[in-house]
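Source file: data.cif. Holds: mmCIF, N, CA and C atoms.
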data_upload
loop_
_atom_site.group_PDB
_atom_site.id
_atom_site.type_symbol
_atom_site.label_atom_id
_atom_site.label_comp_id
_atom_site.auth_asym_id
_atom_site.auth_seq_id
_atom_site.Cartn_x
_atom_site.Cartn_y
_atom_site.Cartn_z
ATOM 1 N N MET A 26 134.160 57.878 64.161
ATOM 2 C CA MET A 26 133.579 59.199 64.121
ATOM 3 C C MET A 26 132.123 59.130 64.574
ATOM 4 N N SER A 27 131.708 60.060 65.373
ATOM 5 C CA SER A 27 130.345 60.121 65.880
ATOM 6 C C SER A 27 129.385 60.660 64.824
ATOM 7 N N THR A 28 128.114 60.313 64.986
ATOM 8 C CA THR A 28 127.053 60.769 64.097
ATOM 9 C C THR A 28 125.897 61.278 64.940
ATOM 10 N N ILE A 29 125.287 62.361 64.497
ATOM 11 C CA ILE A 29 124.098 62.898 65.171
ATOM 12 C C ILE A 29 122.874 62.388 64.428
ATOM 13 N N GLN A 30 121.931 61.834 65.184
ATOM 14 C CA GLN A 30 120.678 61.354 64.610
ATOM 15 C C GLN A 30 119.528 62.096 65.282
ATOM 16 N N VAL A 31 118.512 62.429 64.484
ATOM 17 C CA VAL A 31 117.342 63.134 65.015
ATOM 18 C C VAL A 31 116.075 62.359 64.674
ATOM 19 N N SER A 32 115.000 62.644 65.394
ATOM 20 C CA SER A 32 113.726 61.985 65.119
ATOM 21 C C SER A 32 112.752 62.900 64.384
ATOM 22 N N PHE A 33 113.088 64.168 64.229
ATOM 23 C CA PHE A 33 112.190 65.124 63.577
ATOM 24 C C PHE A 33 112.603 65.345 62.130
ATOM 25 N N SER A 34 111.676 65.887 61.339
ATOM 26 C CA SER A 34 111.944 66.111 59.913
ATOM 27 C C SER A 34 112.345 67.542 59.612
ATOM 28 N N GLN A 35 111.826 68.488 60.366
ATOM 29 C CA GLN A 35 112.149 69.894 60.133
ATOM 30 C C GLN A 35 112.547 70.549 61.439
ATOM 31 N N PHE A 36 113.437 71.549 61.335
ATOM 32 C CA PHE A 36 113.885 72.264 62.522
ATOM 33 C C PHE A 36 114.411 73.623 62.100
ATOM 34 N N ASN A 37 114.578 74.491 63.076
ATOM 35 C CA ASN A 37 115.142 75.811 62.848
ATOM 36 C C ASN A 37 116.630 75.734 63.176
ATOM 37 N N SER A 38 117.479 75.920 62.185
ATOM 38 C CA SER A 38 118.920 75.781 62.390
ATOM 39 C C SER A 38 119.557 76.997 63.063
ATOM 40 N N GLU A 39 118.901 78.156 63.016
ATOM 41 C CA GLU A 39 119.509 79.376 63.568
ATOM 42 C C GLU A 39 119.923 79.251 65.029
ATOM 43 N N PRO A 40 119.042 78.787 65.942
ATOM 44 C CA PRO A 40 119.491 78.697 67.343
ATOM 45 C C PRO A 40 120.595 77.667 67.546
ATOM 46 N N ILE A 41 120.642 76.655 66.724
ATOM 47 C CA ILE A 41 121.692 75.647 66.821
ATOM 48 C C ILE A 41 123.029 76.251 66.413
ATOM 49 N N ILE A 42 123.028 76.978 65.309
ATOM 50 C CA ILE A 42 124.249 77.643 64.843
ATOM 51 C C ILE A 42 124.694 78.703 65.840
ATOM 52 N N GLU A 43 123.757 79.464 66.373
ATOM 53 C CA GLU A 43 124.098 80.494 67.361
ATOM 54 C C GLU A 43 124.738 79.876 68.604
ATOM 55 N N TYR A 44 124.164 78.787 69.103
ATOM 56 C CA TYR A 44 124.721 78.119 70.274
ATOM 57 C C TYR A 44 126.137 77.624 69.986
ATOM 58 N N TYR A 45 126.296 76.943 68.870
ATOM 59 C CA TYR A 45 127.601 76.401 68.498
ATOM 60 C C TYR A 45 128.642 77.514 68.437
ATOM 61 N N ASN A 46 128.349 78.564 67.687
ATOM 62 C CA ASN A 46 129.321 79.634 67.492
ATOM 63 C C ASN A 46 129.598 80.423 68.771
ATOM 64 N N ALA A 47 128.625 80.513 69.663
ATOM 65 C CA ALA A 47 128.830 81.210 70.932
ATOM 66 C C ALA A 47 129.670 80.388 71.910
ATOM 67 N N ASN A 48 129.674 79.063 71.738
ATOM 68 C CA ASN A 48 130.352 78.186 72.694
ATOM 69 C C ASN A 48 131.614 77.515 72.164
ATOM 70 N N LYS A 49 131.959 77.751 70.917
ATOM 71 C CA LYS A 49 133.163 77.147 70.339
ATOM 72 C C LYS A 49 134.403 77.877 70.858
ATOM 73 N N PRO A 50 135.536 77.190 70.896
ATOM 74 C CA PRO A 50 136.783 77.876 71.229
ATOM 75 C C PRO A 50 137.087 78.950 70.173
ATOM 76 N N THR A 51 137.747 80.001 70.575
ATOM 77 C CA THR A 51 138.003 81.118 69.654
ATOM 78 C C THR A 51 138.850 80.713 68.454
ATOM 79 N N GLU A 52 139.677 79.682 68.588
ATOM 80 C CA GLU A 52 140.529 79.282 67.470
ATOM 81 C C GLU A 52 139.782 78.460 66.415
ATOM 82 N N TRP A 53 138.590 77.992 66.721
ATOM 83 C CA TRP A 53 137.790 77.241 65.750
ATOM 84 C C TRP A 53 137.108 78.194 64.780
ATOM 85 N N GLN A 54 136.916 77.728 63.563
ATOM 86 C CA GLN A 54 136.125 78.469 62.582
ATOM 87 C C GLN A 54 134.641 78.332 62.948
ATOM 88 N N PRO A 55 133.811 79.324 62.629
ATOM 89 C CA PRO A 55 132.376 79.214 62.918
ATOM 90 C C PRO A 55 131.701 78.188 62.011
ATOM 91 N N ILE A 56 130.574 77.698 62.472
ATOM 92 C CA ILE A 56 129.783 76.756 61.687
ATOM 93 C C ILE A 56 128.713 77.527 60.911
ATOM 94 N N HIS A 57 128.361 77.004 59.755
ATOM 95 C CA HIS A 57 127.349 77.624 58.897
ATOM 96 C C HIS A 57 126.471 76.521 58.315
ATOM 97 N N ILE A 58 125.343 76.937 57.760
ATOM 98 C CA ILE A 58 124.483 76.018 57.016
ATOM 99 C C ILE A 58 125.222 75.592 55.754
ATOM 100 N N LEU A 59 125.112 74.334 55.405
ATOM 101 C CA LEU A 59 125.692 73.814 54.171
ATOM 102 C C LEU A 59 124.661 73.997 53.067
ATOM 103 N N ASN A 60 125.020 74.743 52.069
ATOM 104 C CA ASN A 60 124.102 75.053 50.973
ATOM 105 C C ASN A 60 124.137 73.938 49.924
ATOM 106 N N ARG A 61 123.516 72.804 50.269
ATOM 107 C CA ARG A 61 123.406 71.666 49.371
ATOM 108 C C ARG A 61 121.970 71.160 49.440
ATOM 109 N N ILE A 62 121.587 70.376 48.467
ATOM 110 C CA ILE A 62 120.218 69.844 48.434
ATOM 111 C C ILE A 62 119.881 69.107 49.726
ATOM 112 N N GLU A 63 120.816 68.299 50.222
ATOM 113 C CA GLU A 63 120.566 67.507 51.428
ATOM 114 C C GLU A 63 120.506 68.372 52.673
ATOM 115 N N GLY A 64 121.141 69.543 52.617
ATOM 116 C CA GLY A 64 121.269 70.381 53.798
ATOM 117 C C GLY A 64 122.358 69.839 54.702
ATOM 118 N N GLY A 65 122.605 70.511 55.776
ATOM 119 C CA GLY A 65 123.627 70.095 56.725
ATOM 120 C C GLY A 65 124.391 71.285 57.258
ATOM 121 N N PHE A 66 125.624 71.046 57.688
ATOM 122 C CA PHE A 66 126.449 72.073 58.309
ATOM 123 C C PHE A 66 127.850 72.028 57.725
ATOM 124 N N GLN A 67 128.516 73.183 57.741
ATOM 125 C CA GLN A 67 129.878 73.259 57.231
ATOM 126 C C GLN A 67 130.734 74.160 58.095
ATOM 127 N N VAL A 68 132.026 73.853 58.096
ATOM 128 C CA VAL A 68 133.053 74.662 58.746
ATOM 129 C C VAL A 68 134.156 74.846 57.710
ATOM 130 N N LYS A 69 134.553 76.078 57.475
ATOM 131 C CA LYS A 69 135.615 76.332 56.504
ATOM 132 C C LYS A 69 136.942 75.800 57.022
ATOM 133 N N ILE A 70 137.743 75.301 56.102
ATOM 134 C CA ILE A 70 139.098 74.868 56.430
ATOM 135 C C ILE A 70 140.000 76.073 56.168
ATOM 136 N N SER A 71 140.666 76.544 57.195
ATOM 137 C CA SER A 71 141.452 77.770 57.062
ATOM 138 C C SER A 71 142.718 77.569 56.245
ATOM 139 N N ASP A 72 143.244 76.359 56.204
ATOM 140 C CA ASP A 72 144.488 76.121 55.463
ATOM 141 C C ASP A 72 144.262 75.085 54.353
ATOM 142 N N TYR A 73 143.174 75.257 53.609
ATOM 143 C CA TYR A 73 142.834 74.293 52.565
ATOM 144 C C TYR A 73 143.865 74.286 51.438
ATOM 145 N N ASP A 74 143.889 73.177 50.729
ATOM 146 C CA ASP A 74 144.788 72.973 49.593
ATOM 147 C C ASP A 74 144.266 73.774 48.402
ATOM 148 N N THR A 75 145.009 74.750 47.949
ATOM 149 C CA THR A 75 144.556 75.623 46.861
ATOM 150 C C THR A 75 144.567 74.931 45.505
ATOM 151 N N ILE A 76 145.119 73.736 45.416
ATOM 152 C CA ILE A 76 145.124 73.003 44.151
ATOM 153 C C ILE A 76 143.704 72.595 43.771
ATOM 154 N N HIS A 77 142.900 72.236 44.754
ATOM 155 C CA HIS A 77 141.523 71.828 44.483
ATOM 156 C C HIS A 77 140.645 73.052 44.232
ATOM 157 N N ALA A 78 139.985 73.074 43.096
ATOM 158 C CA ALA A 78 139.059 74.166 42.793
ATOM 159 C C ALA A 78 137.689 73.895 43.395
ATOM 160 N N ASP A 79 137.385 72.631 43.691
ATOM 161 C CA ASP A 79 136.085 72.246 44.223
ATOM 162 C C ASP A 79 135.931 72.782 45.644
ATOM 163 N N VAL A 80 134.861 73.526 45.871
ATOM 164 C CA VAL A 80 134.609 74.123 47.188
ATOM 165 C C VAL A 80 134.460 73.059 48.272
ATOM 166 N N ASN A 81 134.069 71.843 47.918
ATOM 167 C CA ASN A 81 133.900 70.782 48.904
ATOM 168 C C ASN A 81 135.210 70.415 49.602
ATOM 169 N N TYR A 82 136.336 70.751 49.010
ATOM 170 C CA TYR A 82 137.627 70.477 49.636
ATOM 171 C C TYR A 82 138.126 71.664 50.451
ATOM 172 N N LYS A 83 137.332 72.718 50.526
ATOM 173 C CA LYS A 83 137.689 73.895 51.316
ATOM 174 C C LYS A 83 136.871 73.968 52.607
ATOM 175 N N ILE A 84 136.036 72.942 52.810
ATOM 176 C CA ILE A 84 135.181 72.898 53.997
ATOM 177 C C ILE A 84 135.174 71.485 54.568
ATOM 178 N N ARG A 85 134.869 71.414 55.871
ATOM 179 C CA ARG A 85 134.513 70.152 56.507
ATOM 180 C C ARG A 85 132.996 70.185 56.613
ATOM 181 N N GLN A 86 132.342 69.062 56.358
ATOM 182 C CA GLN A 86 130.889 69.116 56.277
ATOM 183 C C GLN A 86 130.210 67.864 56.796
ATOM 184 N N LEU A 87 128.961 68.064 57.182
ATOM 185 C CA LEU A 87 128.044 66.981 57.519
ATOM 186 C C LEU A 87 126.775 67.240 56.728
ATOM 187 N N ARG A 88 126.264 66.202 56.071
ATOM 188 C CA ARG A 88 125.027 66.328 55.295
ATOM 189 C C ARG A 88 123.969 65.402 55.875
ATOM 190 N N TRP A 89 122.718 65.818 55.729
ATOM 191 C CA TRP A 89 121.608 65.000 56.200
ATOM 192 C C TRP A 89 121.420 63.799 55.290
ATOM 193 N N HIS A 90 121.250 62.626 55.903
ATOM 194 C CA HIS A 90 120.907 61.404 55.193
ATOM 195 C C HIS A 90 120.107 60.531 56.155
ATOM 196 N N LYS A 91 118.841 60.326 55.848
ATOM 197 C CA LYS A 91 117.961 59.500 56.684
ATOM 198 C C LYS A 91 117.994 59.945 58.141
ATOM 199 N N LYS A 92 117.842 61.248 58.336
ATOM 200 C CA LYS A 92 117.788 61.873 59.664
ATOM 201 C C LYS A 92 119.088 61.731 60.463
ATOM 202 N N GLN A 93 120.190 61.529 59.766
ATOM 203 C CA GLN A 93 121.505 61.509 60.393
ATOM 204 C C GLN A 93 122.412 62.488 59.674
ATOM 205 N N LEU A 94 123.301 63.117 60.424
ATOM 206 C CA LEU A 94 124.318 63.979 59.825
ATOM 207 C C LEU A 94 125.540 63.119 59.541
ATOM 208 N N VAL A 95 125.842 62.934 58.260
ATOM 209 C CA VAL A 95 126.928 62.054 57.857
ATOM 210 C C VAL A 95 127.924 62.806 56.981
ATOM 211 N N VAL A 96 129.135 62.276 56.913
ATOM 212 C CA VAL A 96 130.172 62.830 56.041
ATOM 213 C C VAL A 96 129.972 62.233 54.651
ATOM 214 N N PRO A 97 129.824 63.073 53.624
ATOM 215 C CA PRO A 97 129.688 62.533 52.270
ATOM 216 C C PRO A 97 130.971 61.808 51.859
ATOM 217 N N MET A 98 130.814 60.752 51.088
ATOM 218 C CA MET A 98 131.957 59.957 50.651
ATOM 219 C C MET A 98 132.986 60.825 49.936
ATOM 220 N N GLY A 99 134.226 60.709 50.346
ATOM 221 C CA GLY A 99 135.317 61.438 49.721
ATOM 222 C C GLY A 99 135.477 62.868 50.193
ATOM 223 N N MET A 100 134.666 63.309 51.146
ATOM 224 C CA MET A 100 134.739 64.680 51.649
ATOM 225 C C MET A 100 135.335 64.688 53.055
ATOM 226 N N TYR A 101 135.653 65.876 53.541
ATOM 227 C CA TYR A 101 136.170 66.045 54.898
ATOM 228 C C TYR A 101 135.002 66.252 55.847
ATOM 229 N N GLY A 102 135.005 65.554 56.971
ATOM 230 C CA GLY A 102 133.967 65.709 57.976
ATOM 231 C C GLY A 102 134.415 66.596 59.112
ATOM 232 N N LEU A 103 133.481 66.933 59.978
ATOM 233 C CA LEU A 103 133.818 67.695 61.170
ATOM 234 C C LEU A 103 134.627 66.810 62.112
ATOM 235 N N ARG A 104 135.466 67.433 62.919
ATOM 236 C CA ARG A 104 136.228 66.706 63.934
ATOM 237 C C ARG A 104 135.266 66.275 65.051
ATOM 238 N N ASN A 105 135.642 65.248 65.796
ATOM 239 C CA ASN A 105 134.785 64.750 66.873
ATOM 240 C C ASN A 105 134.426 65.842 67.877
ATOM 241 N N GLU A 106 135.373 66.726 68.178
ATOM 242 C CA GLU A 106 135.095 67.820 69.117
ATOM 243 C C GLU A 106 134.011 68.742 68.564
ATOM 244 N N GLU A 107 134.054 68.980 67.270
ATOM 245 C CA GLU A 107 133.040 69.835 66.631
ATOM 246 C C GLU A 107 131.679 69.138 66.608
ATOM 247 N N ILE A 108 131.683 67.834 66.348
ATOM 248 C CA ILE A 108 130.428 67.074 66.357
ATOM 249 C C ILE A 108 129.825 67.073 67.758
ATOM 250 N N ASN A 109 130.653 66.908 68.775
ATOM 251 C CA ASN A 109 130.147 66.934 70.149
ATOM 252 C C ASN A 109 129.522 68.274 70.491
ATOM 253 N N LEU A 110 130.145 69.365 70.074
ATOM 254 C CA LEU A 110 129.572 70.683 70.329
ATOM 255 C C LEU A 110 128.289 70.871 69.534
ATOM 256 N N LEU A 111 128.248 70.392 68.299
ATOM 257 C CA LEU A 111 127.025 70.484 67.499
ATOM 258 C C LEU A 111 125.903 69.684 68.156
ATOM 259 N N TYR A 112 126.229 68.532 68.699
ATOM 260 C CA TYR A 112 125.251 67.732 69.436
ATOM 261 C C TYR A 112 124.725 68.515 70.638
ATOM 262 N N GLN A 113 125.612 69.147 71.398
ATOM 263 C CA GLN A 113 125.181 69.983 72.526
ATOM 264 C C GLN A 113 124.289 71.130 72.056
ATOM 265 N N ALA A 114 124.605 71.674 70.886
ATOM 266 C CA ALA A 114 123.786 72.747 70.319
ATOM 267 C C ALA A 114 122.376 72.237 70.002
ATOM 268 N N PHE A 115 122.280 71.038 69.452
ATOM 269 C CA PHE A 115 120.964 70.448 69.190
ATOM 270 C C PHE A 115 120.207 70.241 70.494
ATOM 271 N N LEU A 116 120.911 69.755 71.525
ATOM 272 C CA LEU A 116 120.265 69.524 72.816
ATOM 273 C C LEU A 116 119.815 70.821 73.477
ATOM 274 N N SER A 117 120.437 71.932 73.127
ATOM 275 C CA SER A 117 120.010 73.217 73.702
ATOM 276 C C SER A 117 118.644 73.630 73.163
ATOM 277 N N VAL A 118 118.221 73.020 72.060
ATOM 278 C CA VAL A 118 116.944 73.360 71.426
ATOM 279 C C VAL A 118 115.949 72.197 71.519
ATOM 280 N N HIS A 119 116.433 70.963 71.450
ATOM 281 C CA HIS A 119 115.589 69.768 71.437
ATOM 282 C C HIS A 119 115.922 68.887 72.633
ATOM 283 N N ASN A 120 114.982 68.010 72.985
ATOM 284 C CA ASN A 120 115.244 67.140 74.138
ATOM 285 C C ASN A 120 115.967 65.862 73.710
ATOM 286 N N THR A 121 116.431 65.116 74.677
ATOM 287 C CA THR A 121 117.261 63.941 74.412
ATOM 288 C C THR A 121 116.501 62.818 73.716
ATOM 289 N N GLU A 122 115.182 62.846 73.746
ATOM 290 C CA GLU A 122 114.405 61.838 73.032
ATOM 291 C C GLU A 122 114.383 62.125 71.524
ATOM 292 N N GLU A 123 114.702 63.356 71.140
ATOM 293 C CA GLU A 123 114.659 63.761 69.730
ATOM 294 C C GLU A 123 116.022 63.731 69.057
ATOM 295 N N VAL A 124 117.102 63.747 69.843
ATOM 296 C CA VAL A 124 118.465 63.844 69.305
ATOM 297 C C VAL A 124 119.345 62.826 70.012
ATOM 298 N N SER A 125 120.147 62.118 69.226
ATOM 299 C CA SER A 125 121.095 61.191 69.849
ATOM 300 C C SER A 125 122.435 61.253 69.136
ATOM 301 N N LEU A 126 123.461 60.882 69.870
ATOM 302 C CA LEU A 126 124.823 60.844 69.339
ATOM 303 C C LEU A 126 125.210 59.381 69.235
ATOM 304 N N LEU A 127 125.466 58.937 68.022
ATOM 305 C CA LEU A 127 125.781 57.526 67.776
ATOM 306 C C LEU A 127 127.273 57.329 67.620
#

Structure encoded using structure tokens:
Amino acid sequence: MSTIQVSFSQFNSEPIIEYYNANKPTEWQPIHILNRIEGGFQVKISDYDTIHADVNYKIRQLRWHKKQLVVPMGMYGLRNEEINLLYQAFLSVHNTEEVSLL
């Protein structure tokens, strides 16, 4: 699985989310800010398992850790296609020296 790494500490997520959602295939769910202490991004799972009450099992997510977007242990991450589009969204706002795909 790919990981996005950045060199900056703060950024405006709105243009990144706008780019992603404007360029995603129509069958994909939109991306949103992940409302967690670490921050990050989330995509709702449309056919999630209703047995789990924990909201973390109803989304795929990436959280910030040491300037990298990583999948939290035991959680669902974004698919590689979604990570690639998110990377392109970052590049639409930042230059290649500030953002890399590992």

Next item on the list: For Ile58 of chain A, please output as a PyMOL selection string all residues within 8 Å (counting all atoms listed in the file; exclusion window: fewer than 5 positions along the same chain).
Entry: chain A and resi 38+42+64-68

Checklist line | Shell around Phe33 of chain A at 7 Å using all atoms listed in the file, local window under 5 positions removed, as a ChimeraX atom specification | finding: /A:92,123-124

Checklist line | Of the listed residues A:Phe115, A:Pro50, A:Tyr45, A:Glu63, that which approaches Arg88 of chain A most closely, counting only N, CA and C atoms | finding: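 Of all the options, A:Glu63 lies closest to Arg88 of chain A.
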
Item checked: Neighbours of point (131.5, 78.6, 68.7) within 12 Å, using only C-alpha atoms, written as a ChimeraX atom specification -> /A:41-57,68,106-111,113-114

Saved selection, atoms kept: N, CA and C atoms, as a short mmCIF file (atom, residue, chain, number, x, y, z; two decimals), keeping the file's coordinate frame:
data_model
loop_
_atom_site.label_atom_id
_atom_site.label_comp_id
_atom_site.auth_asym_id
_atom_site.auth_seq_id
_atom_site.Cartn_x
_atom_site.Cartn_y
_atom_site.Cartn_z
N ILE A 41 120.64 76.66 66.72
CA ILE A 41 121.69 75.65 66.82
C ILE A 41 123.03 76.25 66.41
N ILE A 42 123.03 76.98 65.31
CA ILE A 42 124.25 77.64 64.84
C ILE A 42 124.69 78.70 65.84
N GLU A 43 123.76 79.46 66.37
CA GLU A 43 124.10 80.49 67.36
C GLU A 43 124.74 79.88 68.60
N TYR A 44 124.16 78.79 69.10
CA TYR A 44 124.72 78.12 70.27
C TYR A 44 126.14 77.62 69.99
N TYR A 45 126.30 76.94 68.87
CA TYR A 45 127.60 76.40 68.50
C TYR A 45 128.64 77.51 68.44
N ASN A 46 128.35 78.56 67.69
CA ASN A 46 129.32 79.63 67.49
C ASN A 46 129.60 80.42 68.77
N ALA A 47 128.62 80.51 69.66
CA ALA A 47 128.83 81.21 70.93
C ALA A 47 129.67 80.39 71.91
N ASN A 48 129.67 79.06 71.74
CA ASN A 48 130.35 78.19 72.69
C ASN A 48 131.61 77.52 72.16
N LYS A 49 131.96 77.75 70.92
CA LYS A 49 133.16 77.15 70.34
C LYS A 49 134.40 77.88 70.86
N PRO A 50 135.54 77.19 70.90
CA PRO A 50 136.78 77.88 71.23
C PRO A 50 137.09 78.95 70.17
N THR A 51 137.75 80.00 70.58
CA THR A 51 138.00 81.12 69.65
C THR A 51 138.85 80.71 68.45
N GLU A 52 139.68 79.68 68.59
CA GLU A 52 140.53 79.28 67.47
C GLU A 52 139.78 78.46 66.42
N TRP A 53 138.59 77.99 66.72
CA TRP A 53 137.79 77.24 65.75
C TRP A 53 137.11 78.19 64.78
N GLN A 54 136.92 77.73 63.56
CA GLN A 54 136.12 78.47 62.58
C GLN A 54 134.64 78.33 62.95
N PRO A 55 133.81 79.32 62.63
CA PRO A 55 132.38 79.21 62.92
C PRO A 55 131.70 78.19 62.01
N ILE A 56 130.57 77.70 62.47
CA ILE A 56 129.78 76.76 61.69
C ILE A 56 128.71 77.53 60.91
N HIS A 57 128.36 77.00 59.76
CA HIS A 57 127.35 77.62 58.90
C HIS A 57 126.47 76.52 58.32
N VAL A 68 132.03 73.85 58.10
CA VAL A 68 133.05 74.66 58.75
C VAL A 68 134.16 74.85 57.71
N GLU A 106 135.37 66.73 68.18
CA GLU A 106 135.10 67.82 69.12
C GLU A 106 134.01 68.74 68.56
N GLU A 107 134.05 68.98 67.27
CA GLU A 107 133.04 69.83 66.63
C GLU A 107 131.68 69.14 66.61
N ILE A 108 131.68 67.83 66.35
CA ILE A 108 130.43 67.07 66.36
C ILE A 108 129.82 67.07 67.76
N ASN A 109 130.65 66.91 68.78
CA ASN A 109 130.15 66.93 70.15
C ASN A 109 129.52 68.27 70.49
N LEU A 110 130.15 69.36 70.07
CA LEU A 110 129.57 70.68 70.33
C LEU A 110 128.29 70.87 69.53
N LEU A 111 128.25 70.39 68.30
CA LEU A 111 127.02 70.48 67.50
C LEU A 111 125.90 69.68 68.16
N GLN A 113 125.61 69.15 71.40
CA GLN A 113 125.18 69.98 72.53
C GLN A 113 124.29 71.13 72.06
N ALA A 114 124.60 71.67 70.89
CA ALA A 114 123.79 72.75 70.32
C ALA A 114 122.38 72.24 70.00
#

Next item on the list: Go through chain A and collect every residue that DSSP, computed from the backbone, puts in helix (DSSP H, G or I); the answer should be as an MDAnalysis selection string.
Entry: chainID A and resid 39:48 80:82 105:116

Please list as a PDB file with N, CA and C atoms, keeping the file's coordinate frame every residue within 6 Å of Val96 of chain A, counting all atoms listed in the file and excluding residues in the same chain fewer than 5 positions away.
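Saved result, part.pdb, follows:
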ATOM      1  N   GLN A  86     132.342  69.062  56.358  1.00  0.00           N
ATOM      2  CA  GLN A  86     130.889  69.116  56.277  1.00  0.00           C
ATOM      3  C   GLN A  86     130.210  67.864  56.796  1.00  0.00           C
ATOM      4  N   LEU A  87     128.961  68.064  57.182  1.00  0.00           N
ATOM      5  CA  LEU A  87     128.044  66.981  57.519  1.00  0.00           C
ATOM      6  C   LEU A  87     126.775  67.240  56.728  1.00  0.00           C
ATOM      7  N   ARG A  88     126.264  66.202  56.071  1.00  0.00           N
ATOM      8  CA  ARG A  88     125.027  66.328  55.295  1.00  0.00           C
ATOM      9  C   ARG A  88     123.969  65.402  55.875  1.00  0.00           C
ATOM     10  N   TYR A 101     135.653  65.876  53.541  1.00  0.00           N
ATOM     11  CA  TYR A 101     136.170  66.045  54.898  1.00  0.00           C
ATOM     12  C   TYR A 101     135.002  66.252  55.847  1.00  0.00           C
ATOM     13  N   GLY A 102     135.005  65.554  56.971  1.00  0.00           N
ATOM     14  CA  GLY A 102     133.967  65.709  57.976  1.00  0.00           C
ATOM     15  C   GLY A 102     134.415  66.596  59.112  1.00  0.00           C
TER      16      GLY A 102
END

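With atom C of Thr28 of chain A on one side and atom N of Gln93 of chain A on the other, the separation reads 7.7 Å.
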
Next item on the list: Quote the spacing between atom C of Asn60 of chain A and atom N of His119 of chain A in Å to one decimal place.
Entry: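 Distance reported for this atom pair: 23.1 Å.
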
Margin query: Using Å and a single decimal, report how far atom C of Arg61 of chain A sits from atom N of Lys91 of chain A.
Written below: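 If I compute the distance from atom N of Lys91 of chain A to atom C of Arg61 of chain A, I get 13.0 Å.
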
Next item on the list: Would you translate the PyMOL selection byres (((chain A and resi 26 and name CA) around 8) and name CA) into the concrete set of residues it matches in this file, as a list in words?
Entry: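 On this input, the PyMOL selection byres (((chain A and resi 26 and name CA) around 8) and name CA) captures Ser27, Thr28, Arg104 and Asn105 of chain A.
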
Margin query: Considering only N, CA and C atoms, can you say which of A:Ser125, A:Leu103, A:Tyr112, A:Ser34 comes closest to Ile84 of chain A?
Written below: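 Under the stated criterion, the closest residue is A:Leu103.
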
Chain A: residues DSSP assigns to strand (DSSP E), reported as a compact mmCIF listing (two decimals) with N, CA and C atoms, in the frame of the given file:
# COMPACT_ATOMS: atom_id res chain seq x y z
N ILE A 29 125.29 62.36 64.50
CA ILE A 29 124.10 62.90 65.17
C ILE A 29 122.87 62.39 64.43
N GLN A 30 121.93 61.83 65.18
CA GLN A 30 120.68 61.35 64.61
C GLN A 30 119.53 62.10 65.28
N VAL A 31 118.51 62.43 64.48
CA VAL A 31 117.34 63.13 65.02
C VAL A 31 116.08 62.36 64.67
N ILE A 56 130.57 77.70 62.47
CA ILE A 56 129.78 76.76 61.69
C ILE A 56 128.71 77.53 60.91
N HIS A 57 128.36 77.00 59.76
CA HIS A 57 127.35 77.62 58.90
C HIS A 57 126.47 76.52 58.32
N ILE A 58 125.34 76.94 57.76
CA ILE A 58 124.48 76.02 57.02
C ILE A 58 125.22 75.59 55.75
N GLY A 65 122.60 70.51 55.78
CA GLY A 65 123.63 70.10 56.72
C GLY A 65 124.39 71.28 57.26
N PHE A 66 125.62 71.05 57.69
CA PHE A 66 126.45 72.07 58.31
C PHE A 66 127.85 72.03 57.72
N GLN A 67 128.52 73.18 57.74
CA GLN A 67 129.88 73.26 57.23
C GLN A 67 130.73 74.16 58.10
N VAL A 68 132.03 73.85 58.10
CA VAL A 68 133.05 74.66 58.75
C VAL A 68 134.16 74.85 57.71
N LYS A 69 134.55 76.08 57.48
CA LYS A 69 135.62 76.33 56.50
C LYS A 69 136.94 75.80 57.02
N ILE A 84 136.04 72.94 52.81
CA ILE A 84 135.18 72.90 54.00
C ILE A 84 135.17 71.48 54.57
N ARG A 85 134.87 71.41 55.87
CA ARG A 85 134.51 70.15 56.51
C ARG A 85 133.00 70.18 56.61
N GLN A 86 132.34 69.06 56.36
CA GLN A 86 130.89 69.12 56.28
C GLN A 86 130.21 67.86 56.80
N LEU A 87 128.96 68.06 57.18
CA LEU A 87 128.04 66.98 57.52
C LEU A 87 126.78 67.24 56.73
N ARG A 88 126.26 66.20 56.07
CA ARG A 88 125.03 66.33 55.30
C ARG A 88 123.97 65.40 55.88
N TRP A 89 122.72 65.82 55.73
CA TRP A 89 121.61 65.00 56.20
C TRP A 89 121.42 63.80 55.29
N HIS A 90 121.25 62.63 55.90
CA HIS A 90 120.91 61.40 55.19
C HIS A 90 120.11 60.53 56.16
N GLN A 93 120.19 61.53 59.77
CA GLN A 93 121.50 61.51 60.39
C GLN A 93 122.41 62.49 59.67
N LEU A 94 123.30 63.12 60.42
CA LEU A 94 124.32 63.98 59.82
C LEU A 94 125.54 63.12 59.54
N VAL A 95 125.84 62.93 58.26
CA VAL A 95 126.93 62.05 57.86
C VAL A 95 127.92 62.81 56.98
N VAL A 124 117.10 63.75 69.84
CA VAL A 124 118.46 63.84 69.31
C VAL A 124 119.34 62.83 70.01
N SER A 125 120.15 62.12 69.23
CA SER A 125 121.10 61.19 69.85
C SER A 125 122.44 61.25 69.14
N LEU A 126 123.46 60.88 69.87
CA LEU A 126 124.82 60.84 69.34
C LEU A 126 125.21 59.38 69.24

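For the set A:Ser32, A:Ser71, A:Pro40, A:Trp89, the residue with the smallest atom-to-atom gap to Glu122 of chain A is A:Ser32, counting all atoms listed in the file.
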
Next item on the list: Select, from A:Ile70, A:Thr121, A:Leu59, A:Asn81, the residue with the minimum atom-to-atom distance to Val31 of chain A, counting only C-alpha atoms.
Entry: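 Looking only at the distances to Val31 of chain A, the closest residue turns out to be A:Thr121.
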